[in-house]
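See below for entry.txt, which holds compact mmCIF, C-alpha atoms.
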# COMPACT_ATOMS: atom_id res chain seq x y z
CA MET B 1 -5.60 -5.82 8.12
CA CYS B 2 -5.17 -7.36 4.71
CA GLY B 3 -1.74 -8.78 4.03
CA VAL B 4 -1.87 -7.62 0.42
CA CYS B 5 -2.92 -3.99 0.42
CA GLY B 6 -3.65 -2.98 4.00
CA CYS B 7 -7.35 -2.81 3.25
CA GLY B 8 -9.82 -2.96 6.12
CA ALA B 9 -13.10 -1.41 7.18
CA GLY B 10 -14.41 0.16 10.34
CA GLU B 11 -12.39 3.37 10.25
CA VAL B 12 -14.34 5.37 7.72
CA ARG B 13 -14.60 9.07 8.46
CA ILE B 14 -16.71 11.63 6.65
CA GLU B 15 -15.99 15.35 6.65
CA GLU B 16 -18.71 17.54 5.20
CA GLY B 17 -17.16 20.98 5.56
CA GLU B 18 -18.83 22.74 8.47
CA ALA B 19 -18.93 19.87 10.91
CA ASP B 20 -16.23 17.25 11.14
CA VAL B 21 -18.24 14.14 11.84
CA LEU B 22 -16.39 11.22 13.32
CA ARG B 23 -18.43 8.08 13.67
CA PRO B 24 -16.05 5.39 14.84
CA GLY B 25 -17.52 1.95 14.53
CA ALA B 26 -20.74 3.23 12.98
CA TYR B 27 -19.72 1.96 9.59
CA ARG B 28 -20.36 -1.71 8.78
CA PRO B 29 -20.83 -2.91 12.35
CA VAL B 30 -19.13 -6.13 13.28
CA THR B 31 -21.61 -8.85 14.18
CA GLY B 32 -21.13 -10.02 17.72
CA ARG B 33 -20.15 -13.41 19.04
CA SER B 34 -22.94 -15.92 19.08
CA GLY B 35 -24.49 -16.64 22.45
CA ALA B 36 -23.96 -20.36 22.17
CA ALA B 37 -20.64 -21.89 23.01
CA PHE B 38 -18.36 -23.04 20.25
CA VAL B 39 -14.81 -24.24 20.08
CA PRO B 40 -12.57 -21.87 18.16
CA GLY B 41 -10.13 -23.51 15.84
CA ARG B 42 -12.19 -26.65 15.33
CA LYS B 43 -11.95 -27.66 11.72
CA GLY B 44 -14.94 -28.66 9.69
CA GLY B 45 -15.54 -32.30 8.89
CA GLN B 46 -17.99 -34.51 7.09
CA GLU B 47 -21.65 -33.72 7.29
CA GLY B 48 -22.99 -35.56 10.30
CA GLU B 49 -26.12 -35.78 12.38
CA ARG B 50 -25.50 -32.41 13.96
CA THR B 51 -24.79 -30.49 10.78
CA ARG B 52 -26.94 -29.40 7.88
CA ARG B 53 -26.23 -27.75 4.57
CA LEU B 54 -27.58 -24.35 3.61
CA ARG B 55 -27.62 -23.60 -0.09
CA VAL B 56 -26.73 -19.91 -0.39
CA GLU B 57 -25.52 -19.14 -3.96
CA ARG B 58 -24.84 -15.47 -3.40
CA ASP B 59 -22.30 -13.36 -5.25
CA ILE B 60 -19.64 -12.07 -2.90
CA LEU B 61 -19.75 -8.59 -4.40
CA ALA B 62 -23.57 -8.66 -4.53
CA THR B 63 -23.94 -6.36 -1.53
CA ASN B 64 -21.74 -3.70 -3.11
CA ASP B 65 -23.40 -4.15 -6.49
CA ALA B 66 -26.88 -3.79 -4.97
CA GLU B 67 -25.90 -0.59 -3.19
CA ALA B 68 -24.24 0.70 -6.36
CA GLY B 69 -27.50 0.01 -8.20
CA ALA B 70 -29.42 2.03 -5.60
CA ASN B 71 -26.95 4.92 -6.00
CA ARG B 72 -27.30 4.72 -9.79
CA ARG B 73 -31.12 4.93 -9.63
CA TRP B 74 -30.94 7.82 -7.15
CA LEU B 75 -28.55 9.70 -9.46
CA ALA B 76 -30.62 8.93 -12.58
CA ALA B 77 -33.75 10.28 -10.88
CA ARG B 78 -31.89 13.58 -10.48
CA ARG B 79 -30.50 13.46 -14.03
CA THR B 80 -27.02 13.57 -12.52
CA LEU B 81 -23.92 12.38 -14.36
CA ALA B 82 -21.60 10.65 -11.88
CA LEU B 83 -18.00 9.93 -12.86
CA ASN B 84 -15.56 7.84 -10.83
CA LEU B 85 -12.03 9.23 -11.22
CA VAL B 86 -9.32 6.67 -10.62
CA SER B 87 -5.53 6.70 -10.92
CA SER B 88 -2.28 6.00 -9.10
CA PRO B 89 -1.42 8.49 -6.35
CA GLY B 90 0.11 11.60 -7.90
CA ALA B 91 -1.31 11.30 -11.42
CA GLY B 92 -3.00 14.68 -10.99
CA LYS B 93 -6.65 13.82 -10.34
CA THR B 94 -7.24 16.67 -7.92
CA SER B 95 -5.42 19.31 -9.99
CA LEU B 96 -7.40 18.19 -13.01
CA LEU B 97 -10.64 18.36 -11.03
CA VAL B 98 -9.87 21.85 -9.75
CA ARG B 99 -9.24 23.07 -13.32
CA THR B 100 -12.36 21.28 -14.53
CA VAL B 101 -14.77 22.64 -11.93
CA GLU B 102 -13.34 26.14 -12.36
CA ALA B 103 -14.08 25.90 -16.09
CA LEU B 104 -17.58 24.40 -15.68
CA ARG B 105 -18.74 26.43 -12.67
CA GLY B 106 -21.67 28.60 -13.71
CA ARG B 107 -22.39 26.44 -16.77
CA MET B 108 -23.87 23.49 -14.86
CA PRO B 109 -24.38 22.42 -11.23
CA LEU B 110 -21.37 20.54 -9.86
CA ALA B 111 -20.57 18.44 -6.80
CA VAL B 112 -17.51 16.49 -5.70
CA ILE B 113 -16.90 13.50 -3.42
CA GLU B 114 -13.25 13.14 -2.42
CA GLY B 115 -11.83 9.82 -1.24
CA ASP B 116 -8.50 9.55 0.57
CA GLN B 117 -7.14 7.46 3.38
CA GLN B 118 -6.46 10.54 5.50
CA THR B 119 -6.90 14.35 5.53
CA SER B 120 -9.51 16.61 3.96
CA PHE B 121 -6.91 18.52 1.90
CA ASP B 122 -8.53 17.60 -1.42
CA ALA B 123 -12.08 18.57 -0.41
CA GLU B 124 -10.70 21.89 0.84
CA ARG B 125 -9.04 22.50 -2.55
CA ILE B 126 -12.37 21.87 -4.29
CA ARG B 127 -14.37 24.02 -1.85
CA ALA B 128 -11.94 26.89 -2.46
CA THR B 129 -13.40 27.02 -6.00
CA GLY B 130 -16.94 27.44 -4.59
CA VAL B 131 -18.09 23.93 -5.56
CA PRO B 132 -19.58 21.74 -2.78
CA ALA B 133 -17.39 18.82 -1.76
CA VAL B 134 -17.55 16.02 0.81
CA GLN B 135 -14.45 14.20 2.00
CA ILE B 136 -14.56 10.49 2.78
CA ASN B 137 -11.54 9.17 4.67
CA THR B 138 -11.29 5.44 4.26
CA GLY B 139 -8.81 4.91 7.10
CA LYS B 140 -7.16 1.58 6.35
CA GLY B 141 -9.36 1.05 3.27
CA CYS B 142 -7.79 1.16 -0.16
CA HIS B 143 -10.90 2.08 -2.17
CA LEU B 144 -14.30 3.74 -1.94
CA ASP B 145 -17.28 1.39 -1.95
CA ALA B 146 -20.90 1.97 -2.91
CA ARG B 147 -22.09 2.14 0.70
CA MET B 148 -19.73 5.01 1.54
CA VAL B 149 -20.95 6.97 -1.50
CA GLY B 150 -24.59 6.17 -0.70
CA ARG B 151 -24.12 7.57 2.79
CA VAL B 152 -22.95 10.97 1.59
CA LEU B 153 -25.26 11.42 -1.42
CA PRO B 154 -28.35 12.64 0.51
CA GLY B 155 -26.27 15.25 2.37
CA LEU B 156 -24.47 16.42 -0.75
CA LEU B 157 -27.73 16.38 -2.75
CA PRO B 158 -26.47 17.38 -6.20
CA ALA B 159 -28.89 19.68 -8.01
CA GLU B 160 -30.98 18.34 -10.90
CA GLY B 161 -28.80 17.92 -14.00
CA ALA B 162 -25.52 18.12 -12.06
CA VAL B 163 -22.18 16.52 -12.78
CA LEU B 164 -20.90 14.64 -9.73
CA PHE B 165 -17.19 13.83 -9.68
CA ILE B 166 -16.13 11.06 -7.31
CA GLU B 167 -12.37 11.13 -6.83
CA ASN B 168 -11.41 7.67 -5.65
CA VAL B 169 -8.47 6.75 -3.42
CA GLY B 170 -5.21 6.89 -5.41
CA ASN B 171 -4.80 3.20 -6.22
CA LEU B 172 -4.77 1.52 -9.63
CA VAL B 173 -5.82 -1.87 -8.29
CA CYS B 174 -8.72 -2.19 -5.83
CA PRO B 175 -11.10 0.59 -7.01
CA ALA B 176 -11.50 -1.31 -10.29
CA ALA B 177 -13.61 -3.96 -8.58
CA PHE B 178 -16.02 -1.68 -6.70
CA ASP B 179 -18.90 -0.15 -8.63
CA LEU B 180 -20.04 3.06 -6.94
CA GLY B 181 -23.08 3.63 -9.18
CA GLU B 182 -21.17 5.87 -11.58
CA ALA B 183 -21.96 6.30 -15.27
CA ALA B 184 -18.30 5.71 -16.13
CA LYS B 185 -14.87 5.32 -14.63
CA VAL B 186 -12.34 7.86 -15.88
CA VAL B 187 -8.77 6.64 -15.45
CA VAL B 188 -6.05 9.28 -15.26
CA LEU B 189 -2.59 8.19 -16.41
CA SER B 190 0.24 10.73 -16.26
CA VAL B 191 3.29 10.79 -18.51
CA THR B 192 5.61 10.76 -15.49
CA GLU B 193 4.51 7.14 -14.96
CA GLY B 194 5.51 4.19 -17.12
CA ASP B 195 3.86 3.90 -20.55
CA ASP B 196 3.43 0.17 -19.83
CA LYS B 197 1.08 0.75 -16.88
CA PRO B 198 -2.07 -0.32 -18.80
CA LEU B 199 -0.59 -3.81 -19.09
CA LYS B 200 0.73 -3.86 -15.53
CA TYR B 201 -2.62 -2.81 -14.00
CA PRO B 202 -5.06 -4.05 -16.63
CA ASP B 203 -8.22 -4.30 -14.52
CA MET B 204 -8.49 -0.56 -14.14
CA PHE B 205 -8.03 0.14 -17.85
CA ALA B 206 -10.57 -2.58 -18.68
CA ALA B 207 -13.11 -1.01 -16.30
CA ALA B 208 -12.66 2.56 -17.56
CA GLY B 209 -14.67 4.29 -20.29
CA LEU B 210 -12.25 7.18 -20.77
CA MET B 211 -8.52 7.57 -20.21
CA LEU B 212 -7.15 11.04 -19.58
CA LEU B 213 -3.44 11.16 -20.36
CA ASN B 214 -2.29 13.96 -18.05
CA LYS B 215 0.85 16.12 -17.71
CA ILE B 216 1.47 16.18 -21.48
CA ASP B 217 3.36 19.46 -20.97
CA LEU B 218 6.14 17.28 -19.49
CA LEU B 219 6.48 15.02 -22.55
CA PRO B 220 9.73 16.72 -23.75
CA TYR B 221 11.40 15.79 -20.45
CA VAL B 222 10.35 12.17 -20.02
CA ASP B 223 10.73 8.91 -21.96
CA PHE B 224 6.98 8.29 -22.17
CA ASP B 225 5.80 6.90 -25.54
CA VAL B 226 2.20 8.15 -26.00
CA GLU B 227 1.31 5.80 -28.86
CA ARG B 228 2.68 2.80 -26.97
CA ALA B 229 0.65 3.66 -23.85
CA ILE B 230 -2.56 4.13 -25.86
CA GLY B 231 -1.89 0.91 -27.79
CA PHE B 232 -1.45 -1.05 -24.56
CA ALA B 233 -4.60 0.49 -23.07
CA ARG B 234 -6.68 -0.39 -26.15
CA ARG B 235 -5.26 -3.92 -26.21
CA ILE B 236 -6.93 -4.30 -22.79
CA ASN B 237 -10.03 -2.28 -23.70
CA PRO B 238 -10.61 -1.72 -27.44
CA ARG B 239 -13.49 0.71 -26.79
CA LEU B 240 -11.52 2.99 -24.43
CA GLU B 241 -11.74 6.68 -25.33
CA VAL B 242 -8.51 8.67 -24.83
CA LEU B 243 -7.93 12.40 -24.37
CA GLN B 244 -4.55 14.06 -23.82
CA VAL B 245 -4.52 16.91 -21.31
CA SER B 246 -2.39 19.00 -19.03
CA ALA B 247 -4.03 20.17 -15.82
CA ARG B 248 -1.12 22.57 -15.34
CA THR B 249 -1.20 24.42 -18.69
CA GLY B 250 -4.82 23.69 -19.60
CA ALA B 251 -3.82 21.99 -22.88
CA GLY B 252 -6.47 19.60 -24.15
CA LEU B 253 -8.99 20.57 -21.48
CA ASP B 254 -11.48 21.88 -24.05
CA ALA B 255 -11.96 18.38 -25.49
CA TRP B 256 -12.48 17.01 -21.96
CA LEU B 257 -15.11 19.68 -21.25
CA VAL B 258 -16.88 18.86 -24.53
CA TRP B 259 -16.86 15.16 -23.53
CA LEU B 260 -18.31 16.06 -20.12
CA GLU B 261 -21.06 18.24 -21.54
CA ALA B 262 -22.05 15.57 -24.06
CA ARG B 263 -22.22 12.90 -21.34
CA GLY B 264 -24.07 15.30 -19.07
CA ARG B 265 -26.73 15.85 -21.75
CA GLU B 266 -27.07 12.07 -22.19
CA ALA B 267 -27.59 11.65 -18.44
CA GLY B 268 -30.15 14.46 -18.50
CA ARG B 269 -32.14 12.82 -21.30
CA ALA B 270 -31.96 9.32 -19.83
CA GLY B 271 -32.76 10.22 -16.23
CA GLY B 272 -35.99 11.14 -14.57
CA PRO B 273 -38.10 10.69 -11.49
CA LEU B 274 -38.00 7.34 -9.72
CA ALA B 275 -40.55 4.79 -10.75
CA ALA B 276 -42.63 3.30 -7.96
CA GLY B 277 -40.76 0.73 -5.91
CA GLN B 278 -37.27 1.98 -6.77
CA GLU B 279 -35.46 2.61 -3.56
CA ALA B 280 -33.18 5.55 -2.89
CA PRO B 281 -29.94 4.98 -1.00
CA ARG B 282 -30.27 4.83 2.74
CA SER B 283 -29.41 8.04 4.48
CA CYS B 284 -26.65 7.88 7.01
CA CYS B 285 -26.82 5.32 9.82
CA MET I 1 -6.07 -7.15 -4.20
CA HIS I 2 -9.05 -6.29 -1.99
CA GLU I 3 -9.41 -9.67 -0.31
CA MET I 4 -10.21 -8.12 3.08
CA SER I 5 -13.37 -6.51 1.67
CA LEU I 6 -14.31 -9.82 0.05
CA ALA I 7 -13.84 -11.66 3.34
CA GLU I 8 -16.08 -9.08 5.03
CA SER I 9 -18.72 -9.65 2.35
CA ILE I 10 -18.57 -13.39 3.05
CA ARG I 11 -19.12 -12.62 6.74
CA GLU I 12 -22.20 -10.54 5.85
CA ILE I 13 -23.56 -13.42 3.77
CA VAL I 14 -23.03 -15.77 6.73
CA ASP I 15 -24.77 -13.30 9.06
CA ASP I 16 -27.73 -12.97 6.68
CA ALA I 17 -28.03 -16.76 6.35
CA ARG I 18 -27.97 -17.06 10.15
CA LYS I 19 -30.85 -14.60 10.49
CA GLN I 20 -32.96 -16.65 8.09
CA ASN I 21 -31.92 -20.11 9.34
CA PRO I 22 -30.50 -19.81 12.86
CA PHE I 23 -27.41 -21.93 13.57
CA VAL I 24 -24.71 -22.02 16.21
CA ARG I 25 -21.60 -22.27 14.12
CA VAL I 26 -20.35 -22.80 10.61
CA ARG I 27 -18.19 -25.81 9.87
CA THR I 28 -17.55 -25.30 6.18
CA ILE I 29 -18.04 -22.50 3.67
CA VAL I 30 -18.00 -23.54 0.02
CA LEU I 31 -17.03 -20.86 -2.50
CA ALA I 32 -17.11 -20.96 -6.28
CA LEU I 33 -14.19 -18.83 -7.39
CA GLY I 34 -13.79 -18.01 -11.05
CA GLU I 35 -10.33 -18.49 -12.52
CA LEU I 36 -10.65 -14.92 -13.88
CA ALA I 37 -12.13 -13.34 -10.73
CA ALA I 38 -8.82 -11.64 -9.85
CA VAL I 39 -8.73 -13.10 -6.35
CA GLU I 40 -5.70 -14.65 -4.70
CA PRO I 41 -6.99 -17.73 -2.80
CA ASP I 42 -4.08 -17.63 -0.31
CA SER I 43 -4.71 -14.00 0.47
CA LEU I 44 -8.44 -14.65 0.78
CA ARG I 45 -7.79 -17.49 3.26
CA PHE I 46 -5.56 -15.23 5.33
CA CYS I 47 -8.19 -12.47 5.42
CA PHE I 48 -11.00 -14.98 6.00
CA GLU I 49 -9.38 -16.25 9.20
CA ALA I 50 -8.85 -12.71 10.45
CA VAL I 51 -12.38 -11.55 9.67
CA MET I 52 -14.20 -14.61 11.04
CA THR I 53 -12.46 -14.49 14.42
CA GLY I 54 -15.00 -14.02 17.22
CA GLY I 55 -18.01 -14.96 15.08
CA PRO I 56 -19.96 -18.14 14.25
CA ALA I 57 -17.59 -18.97 11.38
CA GLU I 58 -14.41 -18.82 13.44
CA GLY I 59 -12.30 -21.85 12.57
CA ALA I 60 -14.57 -22.84 9.68
CA GLU I 61 -13.04 -24.61 6.72
CA LEU I 62 -12.99 -22.51 3.56
CA ARG I 63 -13.47 -24.85 0.59
CA ILE I 64 -12.76 -23.20 -2.74
CA GLU I 65 -14.10 -24.73 -5.97
CA GLU I 66 -12.40 -23.19 -8.96
CA VAL I 67 -14.55 -22.37 -11.99
CA PRO I 68 -12.55 -22.39 -15.26
CA GLY I 69 -12.28 -19.21 -17.31
CA GLN I 70 -14.15 -19.01 -20.63
CA GLY I 71 -14.09 -16.45 -23.39
CA TYR I 72 -15.43 -15.60 -26.83
CA CYS I 73 -13.09 -14.21 -29.48
CA PRO I 74 -14.91 -11.81 -31.86
CA ALA I 75 -11.97 -11.95 -34.30
CA CYS I 76 -12.28 -15.68 -35.06
CA ALA I 77 -15.78 -16.22 -33.64
CA SER I 78 -14.75 -19.07 -31.37
CA SER I 79 -15.38 -19.94 -27.74
CA VAL I 80 -12.09 -20.54 -25.99
CA ALA I 81 -10.71 -21.57 -22.60
CA LEU I 82 -9.20 -18.47 -21.03
CA HIS I 83 -6.64 -18.77 -18.25
CA ALA I 84 -5.86 -15.09 -17.72
CA LEU I 85 -7.73 -11.86 -18.36
CA TYR I 86 -6.58 -9.85 -21.37
CA ASP I 87 -4.62 -12.74 -22.88
CA ALA I 88 -4.55 -13.09 -26.64
CA CYS I 89 -6.97 -15.58 -28.17
CA PRO I 90 -5.40 -19.06 -27.96
CA ALA I 91 -6.98 -19.95 -31.33
CA CYS I 92 -6.06 -16.93 -33.51
CA GLY I 93 -3.77 -14.67 -31.42
CA ALA I 94 -6.04 -11.60 -31.50
CA TYR I 95 -6.59 -9.44 -28.43
CA GLY I 96 -10.02 -8.40 -27.23
CA VAL I 97 -11.35 -11.79 -26.10
CA GLU I 98 -14.63 -11.24 -24.23
CA VAL I 99 -14.99 -13.03 -20.92
CA THR I 100 -18.06 -15.27 -20.88
CA GLY I 101 -17.48 -17.30 -17.72
CA GLY I 102 -15.28 -17.89 -14.71
CA ASN I 103 -15.15 -14.27 -13.55
CA ARG I 104 -17.55 -14.50 -10.61
CA MET I 105 -17.22 -15.21 -6.91
CA GLN I 106 -20.07 -16.90 -5.09
CA VAL I 107 -20.78 -18.39 -1.70
CA LEU I 108 -22.39 -21.68 -2.76
CA GLU I 109 -23.13 -23.44 0.47
CA LEU I 110 -22.67 -23.38 4.23
CA GLU I 111 -22.36 -26.48 6.37
CA VAL I 112 -23.69 -25.45 9.77
CA GLU I 113 -24.57 -26.93 13.14

Could you rewrite the structure in this file as structure tokens?
Amino acid sequence: MCGVCGCGAGEVRIEEGEADVLRPGAYRPVTGRSGAAFVPGRKGGQEGERTRRLRVERDILATNDAEAGANRRWLAARRTLALNLVSSPGAGKTSLLVRTVEALRGRMPLAVIEGDQQTSFDAERIRATGVPAVQINTGKGCHLDARMVGRVLPGLLPAEGAVLFIENVGNLVCPAAFDLGEAAKVVVLSVTEGDDKPLKYPDMFAAAGLMLLNKIDLLPYVDFDVERAIGFARRINPRLEVLQVSARTGAGLDAWLVWLEARGREAGRAGGPLAAGQEAPRSCC
Amino acid sequence: MHEMSLAESIREIVDDARKQNPFVRVRTIVLALGELAAVEPDSLRFCFEAVMTGGPAEGAELRIEEVPGQGYCPACASSVALHALYDACPACGAYGVEVTGGNRMQVLELEVE
């Protein structure tokens, strides 16, 4: 387990509603020990007769980026707008999603992927609205990655022209680095947090296309300075769009729905059937 | 931040290289790590040792070559050395410097036997 954030793989669990599918060890199999003997703990030395150099030059995040690219092409072929919702735990992502899908249901096809370390509580909340949802439990992992999303896409199969919401694990740090194939990251910041968070966790605000400032109904009771928070966020990301909302009262949600419909239309115009040679994501192992 | 995932990606790169050019073990892994890549080298080393245990790169030396950060400031139209993401431009003090280099992480080379 990682000494920084507890992140690790190998414990991913997917829950698709009807059947609770547990596939321990199926995800990212660990490569076995080599058949030849070697001496653990021996440190490397100068290149000698027995050693050779292999030039590799591969980006460390290339695997994730390649799988994210496959997801993006698969989604574009179905004219689907995918949004990656990120925030700290407790900023109100799920409540906002429930309000959003309730408002959009019937106007466009919708689908949701929920990411959490444990439980399928969030997917159940979404399914209660009648919208299909898949839960990914990351176990020790602190973020969703493109492979996890690629595994569930064929089963979820959003309809043509759908909006797919991917609710990431509540974590303002690690999900910033992992492209899932989304059209944009939407960062949710709530006014019960510090207004200096954009400077404290800058990577996420730099990676986002839209910031939803949530829980604005609580502004009279907290010391959150809206202008200061937006100023800090735009210092990190001058092009960041900002909308102020309350998932609880519904304030500001109309502007968010207008934003979604506009982006959905863009995705519909830009997308289309796969060109020859473009691969779809692999279905589940 | 997510150094465990990065260490696992390095292991996959080693496994792929081994399929193409079979070897018994890895002595040294050379990484190019951008100054702005948001990776803690100490944390990466810790995770690297944990992830490589039991495989051909167990006990391998992890050699990290740091690539300096570079940016372009649209406000004063100059290319600048950038030591931290989101810092103000060292030439004119404006924010919004665009990163032009030193934000990647690459496995450059393996020394194998």

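Closest approach to chain I among B:Pro158, B:Gly69, B:Gly231, B:Gly181: B:Gly231, based on all atoms listed in the file.
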
Do a neighbour search on Leu212 of chain B at 6 Å with all atoms listed in the file, toss out local chain neighbours closer than 6 positions, and write the hits as a list of chain:residue names.
B:Val188, B:Val242, B:Leu243, B:Gln244

Take the residues from that selection and write them out as a compact mmCIF listing (two decimals), in the coordinates of the input, keeping C-alpha atoms.
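The resulting file, selection.txt, is shown below:
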# COMPACT_ATOMS: atom_id res chain seq x y z
CA VAL B 188 -6.05 9.28 -15.26
CA VAL B 242 -8.51 8.67 -24.83
CA LEU B 243 -7.93 12.40 -24.37
CA GLN B 244 -4.55 14.06 -23.82

Applying 10 Å and only C-alpha atoms, which residues near Val39 of chain I remain after dropping the ones on its own chain fewer than 4 positions away? List them as an MDAnalysis selection string.
chainID I and resid 1:3 6 33:35 43:44 103:105

Could I get the residues of chain I with an atom no further than 6 Å from an atom of chain B, each paired with its nearest atom pair and that distance in Å to one decimal, using all atoms listed in the file, sorted by chain and residue number, as JSON lines?
{"residue": "I:Met1", "atom": "CA", "partner": "B:Cys174", "partner_atom": "CA", "distance": 5.9}
{"residue": "I:His2", "atom": "CA", "partner": "B:Cys174", "partner_atom": "CA", "distance": 5.6}
{"residue": "I:Met4", "atom": "CA", "partner": "B:Cys2", "partner_atom": "CA", "distance": 5.4}
{"residue": "I:Ser9", "atom": "CA", "partner": "B:Ile60", "partner_atom": "CA", "distance": 5.9}
{"residue": "I:Arg27", "atom": "CA", "partner": "B:Gly44", "partner_atom": "CA", "distance": 4.3}
{"residue": "I:Thr28", "atom": "CA", "partner": "B:Gly44", "partner_atom": "CA", "distance": 5.5}
{"residue": "I:Cys47", "atom": "CA", "partner": "B:Cys2", "partner_atom": "CA", "distance": 6.0}
{"residue": "I:Gly54", "atom": "CA", "partner": "B:Arg33", "partner_atom": "CA", "distance": 5.5}
{"residue": "I:Gly55", "atom": "CA", "partner": "B:Arg33", "partner_atom": "CA", "distance": 4.8}
{"residue": "I:Glu58", "atom": "CA", "partner": "B:Pro40", "partner_atom": "CA", "distance": 5.9}
{"residue": "I:Gly59", "atom": "CA", "partner": "B:Gly41", "partner_atom": "CA", "distance": 4.3}
{"residue": "I:Ala60", "atom": "CA", "partner": "B:Gly44", "partner_atom": "CA", "distance": 5.8}
{"residue": "I:Glu61", "atom": "CA", "partner": "B:Gly44", "partner_atom": "CA", "distance": 5.4}
{"residue": "I:Tyr86", "atom": "CA", "partner": "B:Ile236", "partner_atom": "CA", "distance": 5.7}
{"residue": "I:Met105", "atom": "CA", "partner": "B:Ile60", "partner_atom": "CA", "distance": 5.6}
{"residue": "I:Gln106", "atom": "CA", "partner": "B:Asp59", "partner_atom": "CA", "distance": 4.2}
{"residue": "I:Val107", "atom": "CA", "partner": "B:Arg58", "partner_atom": "CA", "distance": 5.3}
{"residue": "I:Leu108", "atom": "CA", "partner": "B:Glu57", "partner_atom": "CA", "distance": 4.2}
{"residue": "I:Glu109", "atom": "CA", "partner": "B:Arg55", "partner_atom": "CA", "distance": 4.5}
{"residue": "I:Leu110", "atom": "CA", "partner": "B:Leu54", "partner_atom": "CA", "distance": 5.0}
{"residue": "I:Glu111", "atom": "CA", "partner": "B:Arg53", "partner_atom": "CA", "distance": 4.5}
{"residue": "I:Val112", "atom": "CA", "partner": "B:Thr51", "partner_atom": "CA", "distance": 5.3}
{"residue": "I:Glu113", "atom": "CA", "partner": "B:Thr51", "partner_atom": "CA", "distance": 4.3}

So which residues fall inside 6 Å of (-20.0, 12.9, -7.5) if we count only C-alpha atoms? Mind giving them as a compact mmCIF listing (two decimals) with C-alpha atoms, in the frame of the given file?
# COMPACT_ATOMS: atom_id res chain seq x y z
CA ALA B 82 -21.60 10.65 -11.88
CA ALA B 111 -20.57 18.44 -6.80
CA VAL B 112 -17.51 16.49 -5.70
CA ILE B 113 -16.90 13.50 -3.42
CA LEU B 164 -20.90 14.64 -9.73
CA PHE B 165 -17.19 13.83 -9.68
CA ILE B 166 -16.13 11.06 -7.31

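Among the candidates B:Gly264, B:Gly209, B:Gly170, B:Gly194, the one nearest to Gly90 of chain B when counting all atoms listed in the file is B:Gly170.
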
Quick one: residues within 7 Å of (-5.4, 4.6, -7.2) (file frame), counting only C-alpha atoms, please, as a ChimeraX atom specification.
/B:86-89,168-173,175

Could you pull the residues within 8 Å of Ala94 of chain I, counting all atoms listed in the file, minus those fewer than 6 positions along the same chain, as a PyMOL selection string?
chain I and resi 73+75+88
